[in-house]
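K.L.:
Contents of input.txt (compact mmCIF, C-alpha atoms) are given next:
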# COMPACT_ATOMS: atom_id res chain seq x y z
CA MET A 1 -17.00 23.23 88.28
CA ILE A 2 -18.73 21.07 85.69
CA LEU A 3 -16.68 18.54 83.69
CA LEU A 4 -17.82 17.82 80.20
CA GLY A 5 -17.16 14.34 78.82
CA LEU A 6 -15.47 14.06 75.43
CA ALA A 7 -16.89 11.29 73.27
CA VAL A 8 -14.57 9.72 70.72
CA TYR A 9 -16.12 7.81 67.88
CA VAL A 10 -13.79 5.67 65.78
CA ARG A 11 -14.58 4.45 62.25
CA ILE A 12 -12.14 2.03 60.68
CA ILE A 13 -12.17 2.03 56.93
CA ALA A 14 -10.16 -0.74 55.26
CA PRO A 15 -8.92 -0.04 51.76
CA GLY A 16 -10.55 -2.06 48.99
CA GLN A 17 -8.46 -4.75 47.41
CA SER A 18 -8.78 -6.15 43.86
CA SER A 19 -6.85 -8.81 41.98
CA THR A 20 -8.19 -7.83 38.58
CA ILE A 21 -5.70 -6.30 36.17
CA PRO A 22 -7.36 -4.23 33.46
CA GLU A 23 -7.21 -5.29 29.84
CA ILE A 24 -4.19 -3.99 27.95
CA GLN A 25 -4.73 -2.62 24.48
CA VAL A 26 -1.87 -2.83 22.02
CA PRO A 27 -1.94 -0.54 18.98
CA ALA A 28 -2.70 -2.32 15.73
CA PRO A 29 -0.28 -2.25 12.77
CA LEU A 30 -0.17 0.65 10.29
CA SER A 31 -2.45 -1.16 7.86
CA SER A 32 -5.36 -0.97 10.32
CA PRO A 33 -5.29 2.47 11.97
CA GLY A 34 -7.43 2.98 15.01
CA LYS A 35 -7.77 -0.71 15.92
CA ALA A 36 -6.24 -2.42 18.98
CA THR A 37 -5.58 -6.04 19.88
CA PRO A 38 -6.42 -7.32 23.38
CA VAL A 39 -3.42 -9.01 24.99
CA SER A 40 -5.29 -10.62 27.87
CA SER A 41 -8.47 -9.82 29.67
CA ARG A 42 -7.43 -11.19 33.04
CA ILE A 43 -4.13 -12.33 34.60
CA PRO A 44 -4.53 -15.05 37.29
CA THR A 45 -2.96 -14.36 40.67
CA VAL A 46 -0.27 -16.56 42.13
CA GLY A 47 -0.38 -17.60 45.77
CA VAL A 48 2.92 -16.12 47.01
CA THR A 49 3.38 -14.81 50.54
CA VAL A 50 4.22 -11.15 50.59
CA ALA A 51 5.07 -8.73 53.35
CA PRO A 52 2.05 -7.00 54.95
CA THR A 53 1.43 -3.56 53.68
CA PRO A 54 1.48 -0.69 56.22
CA THR A 55 -1.86 0.35 57.64
CA PRO A 56 -3.03 3.21 55.52
CA SER A 57 -4.12 6.46 57.12
CA ARG A 58 -7.85 6.81 57.49
CA PRO A 59 -9.57 9.05 55.06
CA THR A 60 -11.13 12.25 56.32
CA ARG A 61 -14.83 11.80 56.68
CA VAL A 62 -17.01 14.57 55.31
CA TYR A 63 -20.42 15.21 56.84
CA LEU A 64 -23.12 16.71 54.74
CA PRO A 65 -26.23 18.40 56.14
CA GLY A 66 -29.22 16.12 56.25
CA VAL A 67 -27.19 12.98 55.51
CA PRO A 68 -26.99 10.31 58.31
CA ASN A 69 -23.48 9.99 59.64
CA ASN A 70 -23.75 6.20 60.12
CA LEU A 71 -21.83 6.39 63.37
CA PRO A 72 -21.40 3.11 65.26
CA SER A 73 -23.86 2.30 68.07
CA GLY A 74 -22.86 1.31 71.61
CA PRO A 75 -21.54 3.06 74.67
CA VAL A 76 -19.39 6.10 74.32
CA VAL A 77 -15.92 5.65 75.76
CA ALA A 78 -13.78 8.70 76.32
CA ASN A 79 -10.25 8.55 74.97
CA ALA A 80 -10.81 5.11 73.49
CA PRO A 81 -7.74 3.69 71.84
CA VAL A 82 -7.79 3.36 68.11
CA PRO A 83 -7.65 -0.34 67.26
CA THR A 84 -5.07 -1.48 64.77
CA ALA A 85 -6.55 -2.86 61.58
CA THR A 86 -5.43 -6.35 60.64
CA PRO A 87 -3.42 -6.03 57.43
CA ILE A 88 -4.92 -7.77 54.44
CA PRO A 89 -2.16 -9.28 52.35
CA ALA A 90 -2.18 -7.97 48.81
CA PRO A 91 -2.45 -10.78 46.32
CA ALA A 92 0.81 -11.35 44.50
CA THR A 93 0.58 -10.74 40.80
CA ARG A 94 2.85 -11.49 37.91
CA ALA A 95 3.50 -8.67 35.50
CA PRO A 96 1.70 -9.42 32.24
CA THR A 97 3.88 -10.39 29.31
CA PRO A 98 2.54 -8.36 26.41
CA LYS A 99 2.24 -10.03 23.05
CA PRO A 100 4.44 -8.46 20.41
CA THR A 101 2.63 -5.95 18.28
CA PRO A 102 1.82 -7.74 15.02
CA THR A 103 3.64 -6.15 12.12
CA ARG A 104 3.77 -6.88 8.43
CA GLY A 105 6.82 -8.65 7.17
CA PRO A 106 9.30 -6.95 4.87
CA ILE A 107 8.32 -6.18 1.29
CA ARG A 108 8.83 -9.10 -1.05
CA ILE A 109 10.20 -8.05 -4.45
CA THR A 110 7.80 -9.46 -7.04
CA LYS A 111 6.56 -8.58 -10.53
CA LEU A 112 3.24 -7.33 -9.16
CA GLY A 113 2.91 -3.56 -9.33
CA LEU A 114 0.47 -0.69 -9.54
CA GLY A 115 -0.28 2.25 -11.81
CA VAL A 116 -0.95 5.52 -9.97
CA TYR A 117 -2.72 8.16 -12.02
CA ASP A 118 -2.95 11.05 -9.55
CA SER A 119 -0.57 12.63 -7.07
CA GLY A 120 -1.23 13.48 -3.45
CA GLY A 121 -1.50 12.04 0.01
CA ALA A 122 -4.75 10.23 -0.81
CA MET A 123 -2.69 7.83 -2.92
CA LEU A 124 -0.16 6.99 -0.25
CA SER A 125 -2.35 4.87 2.01
CA ASP A 126 -3.37 2.56 -0.86
CA LEU A 127 0.23 2.39 -2.05
CA ASP A 128 1.35 1.51 1.46
CA GLU A 129 -1.31 -1.19 1.54
CA ALA A 130 -0.43 -2.66 -1.89
CA ARG A 131 3.37 -2.59 -1.41
CA PRO A 132 4.08 -2.72 -5.17
CA SER A 133 7.45 -3.66 -6.60
CA VAL A 134 6.75 -1.89 -9.91
CA ILE A 135 5.02 1.50 -9.96
CA LEU A 136 3.81 3.70 -12.79
CA LEU A 137 3.31 7.38 -11.94
CA MET A 138 1.40 9.60 -14.34
CA ASP A 139 2.06 13.35 -14.12
CA PRO A 140 3.64 13.05 -10.68
CA THR A 141 4.59 16.12 -8.72
CA VAL A 142 8.21 16.12 -7.66
CA ASP A 143 7.33 15.94 -3.97
CA PHE A 144 4.90 13.07 -4.46
CA ALA A 145 7.36 11.03 -6.52
CA LYS A 146 9.99 11.52 -3.83
CA GLN A 147 7.55 10.32 -1.17
CA VAL A 148 6.81 7.20 -3.22
CA ARG A 149 10.51 6.49 -3.65
CA GLN A 150 11.08 6.94 0.07
CA MET A 151 8.31 4.43 0.78
CA PHE A 152 9.58 1.94 -1.80
CA PRO A 153 13.34 2.32 -2.17
CA LYS A 154 13.69 -0.91 -4.19
CA ALA A 155 10.72 -0.46 -6.54
CA PHE A 156 11.11 0.09 -10.27
CA ILE A 157 9.25 3.33 -11.05
CA ILE A 158 8.06 4.36 -14.51
CA GLY A 159 6.97 7.91 -15.31
CA ARG A 160 4.41 9.06 -17.83
CA ILE A 161 3.35 12.53 -18.93
CA TYR A 162 -0.23 12.65 -20.16
CA ALA A 163 -0.66 14.16 -23.64
CA THR A 164 -4.09 15.46 -24.62
CA SER A 165 -3.04 15.10 -28.26
CA GLN A 166 -0.39 12.81 -29.76
CA PRO A 167 0.47 14.13 -33.24
CA LEU A 168 2.83 12.21 -35.51
CA ASP A 169 3.33 14.75 -38.27
CA ASN A 170 7.03 15.55 -38.64
CA PRO A 171 7.67 12.70 -36.16
CA ALA A 172 11.39 13.27 -35.53
CA VAL A 173 10.76 16.85 -34.42
CA ARG A 174 7.74 15.77 -32.39
CA GLY A 175 9.75 13.04 -30.66
CA THR A 176 12.54 15.39 -29.68
CA ALA A 177 10.09 18.02 -28.46
CA PHE A 178 8.16 15.50 -26.36
CA ALA A 179 11.39 14.30 -24.78
CA ASP A 180 12.12 17.91 -23.78
CA ARG A 181 8.64 18.16 -22.29
CA VAL A 182 9.11 14.94 -20.31
CA ALA A 183 12.55 16.08 -19.15
CA ALA A 184 11.05 19.11 -17.41
CA THR A 185 9.65 16.67 -14.83
CA ALA A 186 12.10 13.80 -15.28
CA VAL A 187 15.34 15.71 -14.71
CA PRO A 188 14.37 16.85 -11.16
CA LEU A 189 13.46 13.20 -10.52
CA LYS A 190 16.71 11.60 -11.63
CA GLY A 191 17.43 8.75 -9.25
CA ILE A 192 13.76 8.74 -8.20
CA VAL A 193 11.98 7.56 -11.38
CA ASN A 194 13.82 4.88 -13.35
CA ALA A 195 12.41 5.35 -16.88
CA TRP A 196 9.85 7.40 -18.80
CA MET A 197 7.27 6.63 -21.47
CA SER A 198 6.46 8.73 -24.54
CA TYR A 199 3.07 8.45 -26.29
CA ASN A 200 0.43 5.99 -25.21
CA GLU A 201 -1.65 3.69 -27.48
CA VAL A 202 -1.17 5.46 -30.81
CA SER A 203 -0.24 2.52 -33.06
CA HIS A 204 -2.61 1.01 -35.63
CA GLY A 205 -1.61 -2.23 -37.29
CA GLU A 206 -3.70 -1.56 -40.39
CA ASP A 207 -1.89 1.68 -41.18
CA PRO A 208 1.80 1.21 -42.15
CA SER A 209 2.34 4.96 -42.37
CA ASN A 210 1.27 5.29 -38.75
CA LEU A 211 3.71 2.56 -37.68
CA ILE A 212 6.60 4.11 -39.59
CA ALA A 213 5.89 7.55 -38.14
CA TYR A 214 5.61 6.24 -34.59
CA ASN A 215 8.90 4.37 -34.93
CA THR A 216 10.61 7.59 -36.07
CA PHE A 217 9.00 9.50 -33.20
CA GLN A 218 10.18 6.93 -30.62
CA VAL A 219 13.74 6.82 -31.92
CA ALA A 220 14.01 10.62 -31.68
CA PHE A 221 12.39 10.56 -28.23
CA ALA A 222 14.79 7.88 -26.95
CA HIS A 223 17.92 9.59 -28.28
CA GLN A 224 16.98 12.97 -26.86
CA LEU A 225 15.90 11.64 -23.47
CA GLN A 226 18.73 9.15 -23.03
CA ASP A 227 21.66 10.78 -24.83
CA HIS A 228 20.95 14.41 -23.96
CA TYR A 229 19.34 14.09 -20.50
CA GLY A 230 20.65 10.71 -19.36
CA ILE A 231 17.15 9.36 -18.63
CA ALA A 232 15.94 5.92 -19.74
CA ALA A 233 13.10 5.65 -22.28
CA VAL A 234 10.31 3.07 -22.55
CA ALA A 235 9.27 2.24 -26.13
CA GLY A 236 5.96 0.73 -27.25
CA ASN A 237 2.96 1.02 -24.89
CA ASP A 238 0.63 0.23 -27.77
CA GLY A 239 -3.03 -0.61 -27.35
CA PRO A 240 -3.73 -4.28 -26.59
CA ARG A 241 -2.99 -6.33 -29.73
CA SER A 242 -3.31 -3.22 -31.89
CA VAL A 243 -0.23 -4.28 -33.87
CA PRO A 244 0.25 -7.84 -35.15
CA ALA A 245 3.18 -9.44 -33.36
CA ASN A 246 5.05 -10.20 -36.60
CA LEU A 247 5.04 -6.49 -37.53
CA TYR A 248 7.12 -5.39 -34.53
CA PRO A 249 10.44 -6.51 -36.08
CA LYS A 250 9.45 -4.94 -39.40
CA TYR A 251 8.29 -1.53 -38.16
CA PHE A 252 9.59 -1.01 -34.63
CA ALA A 253 13.09 -2.48 -34.63
CA GLY A 254 14.68 0.98 -34.45
CA ALA A 255 12.55 2.18 -31.52
CA ILE A 256 12.94 -1.07 -29.56
CA GLU A 257 16.72 -1.21 -29.95
CA ALA A 258 17.13 2.51 -29.19
CA SER A 259 15.10 2.40 -25.96
CA ARG A 260 16.20 0.86 -22.68
CA TYR A 261 12.79 -0.72 -22.00
CA PHE A 262 9.76 -1.92 -23.95
CA GLY A 263 6.18 -1.48 -22.69
CA VAL A 264 3.07 -3.49 -23.55
CA HIS A 265 -0.58 -3.42 -22.48
CA ALA A 266 -2.45 -6.58 -21.49
CA TYR A 267 -6.26 -6.73 -21.64
CA PRO A 268 -8.55 -9.55 -22.73
CA ASP A 269 -11.38 -9.00 -25.18
CA ASP A 270 -14.52 -7.20 -24.15
CA GLY A 271 -16.97 -9.58 -22.45
CA ILE A 272 -14.33 -11.70 -20.70
CA ARG A 273 -14.90 -11.40 -16.99
CA SER A 274 -11.66 -12.86 -15.63
CA LEU A 275 -7.99 -12.89 -16.58
CA ARG A 276 -8.07 -16.58 -15.65
CA ASP A 277 -10.61 -17.38 -18.35
CA PRO A 278 -8.85 -19.81 -20.74
CA LYS A 279 -10.16 -17.77 -23.67
CA ALA A 280 -8.08 -14.82 -22.46
CA ALA A 281 -4.71 -16.62 -22.51
CA SER A 282 -3.64 -15.68 -26.04
CA GLN A 283 -4.66 -12.08 -25.36
CA ILE A 284 -3.12 -11.27 -21.99
CA PHE A 285 0.08 -13.17 -22.85
CA TYR A 286 0.34 -11.57 -26.26
CA TYR A 287 3.69 -10.08 -25.23
CA ARG A 288 5.17 -13.59 -25.59
CA GLN A 289 4.33 -13.59 -29.28
CA ILE A 290 6.01 -10.18 -29.67
CA HIS A 291 9.11 -11.41 -27.86
CA GLN A 292 9.29 -14.54 -30.02
CA ALA A 293 9.01 -12.44 -33.19
CA LEU A 294 11.79 -10.12 -32.04
CA GLU A 295 14.04 -13.04 -31.06
CA ALA A 296 13.45 -14.76 -34.38
CA ALA A 297 14.45 -11.57 -36.21
CA GLY A 298 17.57 -11.09 -34.07
CA ILE A 299 16.32 -7.83 -32.55
CA LYS A 300 17.51 -7.22 -29.02
CA SER A 301 15.17 -5.44 -26.67
CA GLY A 302 15.45 -4.19 -23.15
CA PRO A 303 13.28 -5.70 -20.42
CA PHE A 304 9.55 -5.82 -21.12
CA ILE A 305 7.22 -3.98 -18.73
CA ILE A 306 3.48 -4.61 -18.79
CA THR A 307 2.54 -0.99 -18.18
CA GLU A 308 -1.22 -1.68 -18.03
CA VAL A 309 -3.19 -4.79 -17.14
CA GLY A 310 -6.87 -5.26 -16.34
CA LEU A 311 -10.24 -6.20 -17.81
CA TYR A 312 -11.23 -4.52 -21.06
CA ASN A 313 -13.88 -2.20 -19.59
CA GLY A 314 -12.79 -2.36 -15.96
CA TRP A 315 -13.75 -4.72 -13.16
CA ARG A 316 -16.46 -2.75 -11.32
CA GLY A 317 -19.86 -4.01 -12.38
CA VAL A 318 -18.20 -7.02 -13.99
CA THR A 319 -16.72 -8.93 -11.06
CA ASP A 320 -16.09 -8.41 -7.35
CA ASP A 321 -12.93 -6.94 -5.89
CA THR A 322 -11.76 -10.21 -4.31
CA SER A 323 -11.93 -12.04 -7.63
CA MET A 324 -10.19 -9.19 -9.43
CA ALA A 325 -7.38 -9.17 -6.88
CA GLN A 326 -7.01 -12.92 -7.32
CA ASP A 327 -6.78 -12.34 -11.08
CA PHE A 328 -3.94 -9.85 -10.68
CA ILE A 329 -2.07 -12.13 -8.28
CA TRP A 330 -2.52 -15.10 -10.60
CA TYR A 331 -1.24 -13.07 -13.55
CA ALA A 332 1.86 -12.00 -11.60
CA ASP A 333 2.58 -15.66 -10.90
CA GLN A 334 2.20 -16.52 -14.60
CA ILE A 335 4.72 -13.92 -15.78
CA ASN A 336 7.33 -14.97 -13.21
CA PRO A 337 8.87 -17.62 -15.50
CA ASP A 338 9.52 -15.03 -18.24
CA PRO A 339 12.94 -13.57 -17.36
CA TYR A 340 12.66 -10.78 -19.91
CA VAL A 341 9.56 -9.34 -18.17
CA LEU A 342 10.47 -6.89 -15.42
CA GLY A 343 6.93 -6.65 -14.05
CA MET A 344 3.36 -5.40 -14.44
CA THR A 345 1.35 -2.43 -13.22
CA VAL A 346 -2.34 -2.81 -12.44
CA PHE A 347 -4.58 -0.20 -14.07
CA GLY A 348 -5.08 1.49 -11.73
CA LEU A 349 -5.37 3.83 -8.75
CA PHE A 350 -7.26 7.15 -9.13
CA THR A 351 -8.72 9.88 -6.95
CA SER A 352 -11.23 11.00 -9.59
CA ASP A 353 -14.02 9.12 -11.35
CA ARG A 354 -12.64 9.50 -14.85
CA TRP A 355 -11.71 5.80 -14.90
CA ALA A 356 -14.13 4.66 -12.20
CA PRO A 357 -14.69 1.10 -13.56
CA PHE A 358 -10.95 0.42 -13.22
CA ASN A 359 -10.31 2.22 -9.93
CA ILE A 360 -9.09 -0.05 -7.14
CA ALA A 361 -9.30 2.67 -4.46
CA GLY A 362 -11.75 1.81 -1.69
CA SER A 363 -11.66 -1.91 -2.53
CA ILE A 364 -9.92 -4.87 -0.93
CA ILE A 365 -7.55 -5.12 -3.90
CA PRO A 366 -4.68 -3.04 -2.41
CA GLN A 367 -4.72 -5.16 0.75
CA MET A 368 -4.65 -8.43 -1.19
CA LEU A 369 -1.85 -7.18 -3.44
CA GLY A 370 0.06 -6.19 -0.31
CA ASP A 371 -0.36 -9.65 1.20
CA TYR A 372 1.16 -11.11 -1.98
CA ASN A 373 4.01 -8.59 -1.88
CA THR A 374 4.92 -9.37 1.75
CA VAL A 375 7.40 -11.86 3.13
CA HIS A 376 5.48 -14.20 5.43
Written as structure tokens, that's how I'd like the structure from this file.
P.N.:
Amino acid sequence: MILLGLAVYVRIIAPGQSSTIPEIQVPAPLSSPGKATPVSSRIPTVGVTVAPTPTPSRPTRVYLPGVPNNLPSGPVVANAPVPTATPIPAPATRAPTPKPTPTRGPIRITKLGLGVYDSGGAMLSDLDEARPSVILLMDPTVDFAKQVRQMFPKAFIIGRIYATSQPLDNPAVRGTAFADRVAATAVPLKGIVNAWMSYNEVSHGEDPSNLIAYNTFQVAFAHQLQDHYGIAAVAGNDGPRSVPANLYPKYFAGAIEASRYFGVHAYPDDGIRSLRDPKAASQIFYYRQIHQALEAAGIKSGPFIITEVGLYNGWRGVTDDTSMAQDFIWYADQINPDPYVLGMTVFGLFTSDRWAPFNIAGSIIPQMLGDYNTVH
């Protein structure tokens, strides 16, 4: 009888140990989608004695044809005992304390706002960035206006319906009819949009008949919108300095007293490249002259709203976006001392190129406006 010896080969494989904890990535705030902030790249270990970990089971070794098995050399011993591996203490680690995710502070209510001249989701990211306290919406869809209100529950929102023509013949009838047209959008948005404009930039200071007709139009518009539909009206919104300040009490007393709010536009003369240019002061603060004339005449107005502000032909190609944002922020600071001014809306935010020189989309302006409109 022939006895065959059984050779036992033992390979001890110790598990790898590492004290390196991988970098933790924390999602960035909403204003910077897709970015992450490293919390720490490495956490140092602390020399604390810990209980030995149990000896792990040995992994199954797989042999592949033509690949050396790397078996240990030396004499073959039958039924050799399997030596016990000396435990390697795992380094003690302290759980990393993650940094809090940076978030923007709450919205600060200011007089700095934004005019939005298209509806749709493309507008929402820039609005979220700018965090305006005053918002003008032109031809808003009902759903879009509701989204804006949900985003900015404390903002003052003005509505405007664009008119391809602005006739003033038979002005009382025209004013009533335009109020009915505005109401078709404004009534479903009661409680969402605070007040609505009528015509835009139709006054001419050299033509008294035009001023008289526009006053009649605005009075009819205000009465129909406010008394019949219960929706606030915004008078004025004339072209920049198109009417001498001393003519407002003479020609527009009825419209101003009938309407809950009064709108003005603020642009410097063509060729001025900054709102901060001293030559622009009498132009962009022209509303103060109007207010003084009304006060002197004893005419009471509702709050003023600067429904458009910017450079005469837009900022693109004239200055850079950082400087333009600084202009808007500076202007908001300058109107703060005027208690009768509710706020201003930058002209403006568009999805199309129809007003490309003025468009702040794709620039740093919304971000800088948002920094101003944030509690720090």
K.L.:
If we count all atoms listed in the file and set the cut-off at 12 Å, which residues sit around A:Val309, ignoring sequence neighbours fewer than 6 positions away in its own chain? Please answer as a PDB file with C-alpha atoms, in the frame of the given file.
P.N.:
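Saved file result05.pdb follows:
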ATOM      1  CA  LEU A 112       3.240  -7.330  -9.160  1.00  0.00           C
ATOM      2  CA  GLY A 113       2.910  -3.560  -9.330  1.00  0.00           C
ATOM      3  CA  LEU A 114       0.470  -0.690  -9.540  1.00  0.00           C
ATOM      4  CA  GLY A 115      -0.280   2.250 -11.810  1.00  0.00           C
ATOM      5  CA  LEU A 136       3.810   3.700 -12.790  1.00  0.00           C
ATOM      6  CA  ASN A 237       2.960   1.020 -24.890  1.00  0.00           C
ATOM      7  CA  GLY A 239      -3.030  -0.610 -27.350  1.00  0.00           C
ATOM      8  CA  PRO A 240      -3.730  -4.280 -26.590  1.00  0.00           C
ATOM      9  CA  GLY A 263       6.180  -1.480 -22.690  1.00  0.00           C
ATOM     10  CA  VAL A 264       3.070  -3.490 -23.550  1.00  0.00           C
ATOM     11  CA  HIS A 265      -0.580  -3.420 -22.480  1.00  0.00           C
ATOM     12  CA  ALA A 266      -2.450  -6.580 -21.490  1.00  0.00           C
ATOM     13  CA  TYR A 267      -6.260  -6.730 -21.640  1.00  0.00           C
ATOM     14  CA  PRO A 268      -8.550  -9.550 -22.730  1.00  0.00           C
ATOM     15  CA  SER A 274     -11.660 -12.860 -15.630  1.00  0.00           C
ATOM     16  CA  LEU A 275      -7.990 -12.890 -16.580  1.00  0.00           C
ATOM     17  CA  GLN A 283      -4.660 -12.080 -25.360  1.00  0.00           C
ATOM     18  CA  ILE A 284      -3.120 -11.270 -21.990  1.00  0.00           C
ATOM     19  CA  PHE A 285       0.080 -13.170 -22.850  1.00  0.00           C
ATOM     20  CA  TYR A 286       0.340 -11.570 -26.260  1.00  0.00           C
ATOM     21  CA  TYR A 287       3.690 -10.080 -25.230  1.00  0.00           C
ATOM     22  CA  TRP A 315     -13.750  -4.720 -13.160  1.00  0.00           C
ATOM     23  CA  MET A 324     -10.190  -9.190  -9.430  1.00  0.00           C
ATOM     24  CA  ALA A 325      -7.380  -9.170  -6.880  1.00  0.00           C
ATOM     25  CA  ASP A 327      -6.780 -12.340 -11.080  1.00  0.00           C
ATOM     26  CA  PHE A 328      -3.940  -9.850 -10.680  1.00  0.00           C
ATOM     27  CA  ILE A 329      -2.070 -12.130  -8.280  1.00  0.00           C
ATOM     28  CA  TYR A 331      -1.240 -13.070 -13.550  1.00  0.00           C
ATOM     29  CA  ALA A 332       1.860 -12.000 -11.600  1.00  0.00           C
ATOM     30  CA  GLY A 343       6.930  -6.650 -14.050  1.00  0.00           C
ATOM     31  CA  MET A 344       3.360  -5.400 -14.440  1.00  0.00           C
ATOM     32  CA  THR A 345       1.350  -2.430 -13.220  1.00  0.00           C
ATOM     33  CA  VAL A 346      -2.340  -2.810 -12.440  1.00  0.00           C
ATOM     34  CA  PHE A 347      -4.580  -0.200 -14.070  1.00  0.00           C
ATOM     35  CA  GLY A 348      -5.080   1.490 -11.730  1.00  0.00           C
ATOM     36  CA  PHE A 358     -10.950   0.420 -13.220  1.00  0.00           C
TER      37      PHE A 358
END
K.L.:
In file coordinates, which residues lie within 12 Å of (8.7, 19.7, -21.5) using all atoms listed in the file, given as a list in words?
P.N.:
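Checking each residue against the 12 Å limit leaves Asp139, Ile161, Tyr162, Ala163, Arg174, Gly175, Thr176, Ala177, Phe178, Ala179, Asp180, Arg181, Val182, Ala183, Ala184, Thr185, Ala186, Val187, Ser198, Phe221, Gln224 and Leu225 of chain A.
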K.L.:
Identify, on the basis of only C-alpha atoms, every residue whose closest approach to A:Asp143 does not exceed 10 Å; exclude the query and any residue fewer than 4 positions from it along the same chain; express the result as a ChimeraX atom specification.
P.N.:
/A:119-120,147-149,189
K.L.:
Write out as a PDB file with C-alpha atoms, in the frame of the given file each polymer residue whose atoms come within 12 Å of A:Ser323, counting all atoms listed in the file; drop sequence neighbours fewer than 3 positions from it.
P.N.:
ATOM      1  CA  ARG A 273     -14.900 -11.400 -16.990  1.00  0.00           C
ATOM      2  CA  SER A 274     -11.660 -12.860 -15.630  1.00  0.00           C
ATOM      3  CA  LEU A 275      -7.990 -12.890 -16.580  1.00  0.00           C
ATOM      4  CA  ARG A 276      -8.070 -16.580 -15.650  1.00  0.00           C
ATOM      5  CA  LEU A 311     -10.240  -6.200 -17.810  1.00  0.00           C
ATOM      6  CA  TRP A 315     -13.750  -4.720 -13.160  1.00  0.00           C
ATOM      7  CA  ARG A 316     -16.460  -2.750 -11.320  1.00  0.00           C
ATOM      8  CA  VAL A 318     -18.200  -7.020 -13.990  1.00  0.00           C
ATOM      9  CA  THR A 319     -16.720  -8.930 -11.060  1.00  0.00           C
ATOM     10  CA  ASP A 320     -16.090  -8.410  -7.350  1.00  0.00           C
ATOM     11  CA  GLN A 326      -7.010 -12.920  -7.320  1.00  0.00           C
ATOM     12  CA  ASP A 327      -6.780 -12.340 -11.080  1.00  0.00           C
ATOM     13  CA  PHE A 328      -3.940  -9.850 -10.680  1.00  0.00           C
ATOM     14  CA  ILE A 329      -2.070 -12.130  -8.280  1.00  0.00           C
ATOM     15  CA  TRP A 330      -2.520 -15.100 -10.600  1.00  0.00           C
ATOM     16  CA  SER A 363     -11.660  -1.910  -2.530  1.00  0.00           C
ATOM     17  CA  ILE A 364      -9.920  -4.870  -0.930  1.00  0.00           C
ATOM     18  CA  ILE A 365      -7.550  -5.120  -3.900  1.00  0.00           C
ATOM     19  CA  MET A 368      -4.650  -8.430  -1.190  1.00  0.00           C
ATOM     20  CA  LEU A 369      -1.850  -7.180  -3.440  1.00  0.00           C
TER      21      LEU A 369
END
K.L.:
One decimal, Å: what's the distance from atom CA of A:Asn170 over to atom CA of A:Pro140, could you say?
P.N.:
28.3 Å
K.L.:
Identify which of the residues A:Asp277, A:Asp238, A:Asp333, A:Glu308 lies closest to A:Leu137, counting all atoms listed in the file when measuring atom-to-atom distances.
P.N.:
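The closest residue to A:Leu137 is A:Glu308.
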K.L.:
Name the closest residue to A:Val142 among the candidates A:Pro188, A:Ser259, A:Asp128, A:Lys250; distances are taken between atoms, counting all atoms listed in the file.
P.N.:
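Comparing A:Pro188, A:Ser259, A:Asp128, A:Lys250 against A:Val142, the winner is A:Pro188.
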K.L.:
Measuring atom to atom with only C-alpha atoms, identify which of A:Thr103, A:Asn246, A:Ser133, A:Thr141 is nearest to A:Tyr372.
P.N.:
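Closest to A:Tyr372 of all the choices is A:Ser133.
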K.L.:
Rounded to one decimal in Å, what is the spacing between atom CA of A:Asn336 and atom CA of A:Ile256?
P.N.:
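For atom CA of A:Asn336 relative to atom CA of A:Ile256, the distance reads 22.2 Å.
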K.L.:
Of the candidates A:Gly317, A:Gly230, A:Pro337, A:Pro171, which shows the shortest atom-to-atom distance to A:Lys111, using all atoms listed in the file?
P.N.:
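Of A:Gly317, A:Gly230, A:Pro337, A:Pro171, the one nearest A:Lys111, counting all atoms listed in the file, is A:Pro337.
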K.L.:
Work out how far apart atom CA of A:Ile107 and atom CA of A:Gly370 are and give it in Å to one decimal.
P.N.:
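Distance between the two atoms: 8.4 Å.
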K.L.:
Please export stretch 332-339 of chain A as a short mmCIF file (atom, residue, chain, number, x, y, z; two decimals), in the first residue's frame, restricted to N, CA and C atoms.
P.N.:
data_model
loop_
_atom_site.label_atom_id
_atom_site.label_comp_id
_atom_site.auth_asym_id
_atom_site.auth_seq_id
_atom_site.Cartn_x
_atom_site.Cartn_y
_atom_site.Cartn_z
N ALA A 332 -29.51 103.51 -6.41
CA ALA A 332 -30.43 103.04 -5.36
C ALA A 332 -30.10 103.69 -4.03
N ASP A 333 -28.82 103.82 -3.73
CA ASP A 333 -28.42 104.49 -2.49
C ASP A 333 -28.83 105.96 -2.49
N GLN A 334 -28.76 106.61 -3.65
CA GLN A 334 -29.07 108.04 -3.73
C GLN A 334 -30.56 108.32 -3.54
N ILE A 335 -31.42 107.38 -3.96
CA ILE A 335 -32.86 107.63 -3.84
C ILE A 335 -33.39 107.21 -2.47
N ASN A 336 -32.57 106.54 -1.67
CA ASN A 336 -33.02 106.11 -0.35
C ASN A 336 -33.52 107.26 0.52
N PRO A 337 -32.88 108.44 0.51
CA PRO A 337 -33.35 109.52 1.39
C PRO A 337 -34.69 110.12 0.97
N ASP A 338 -35.19 109.79 -0.21
CA ASP A 338 -36.45 110.38 -0.69
C ASP A 338 -37.61 109.47 -0.27
N PRO A 339 -38.33 109.82 0.78
CA PRO A 339 -39.35 108.90 1.30
C PRO A 339 -40.53 108.70 0.36
#
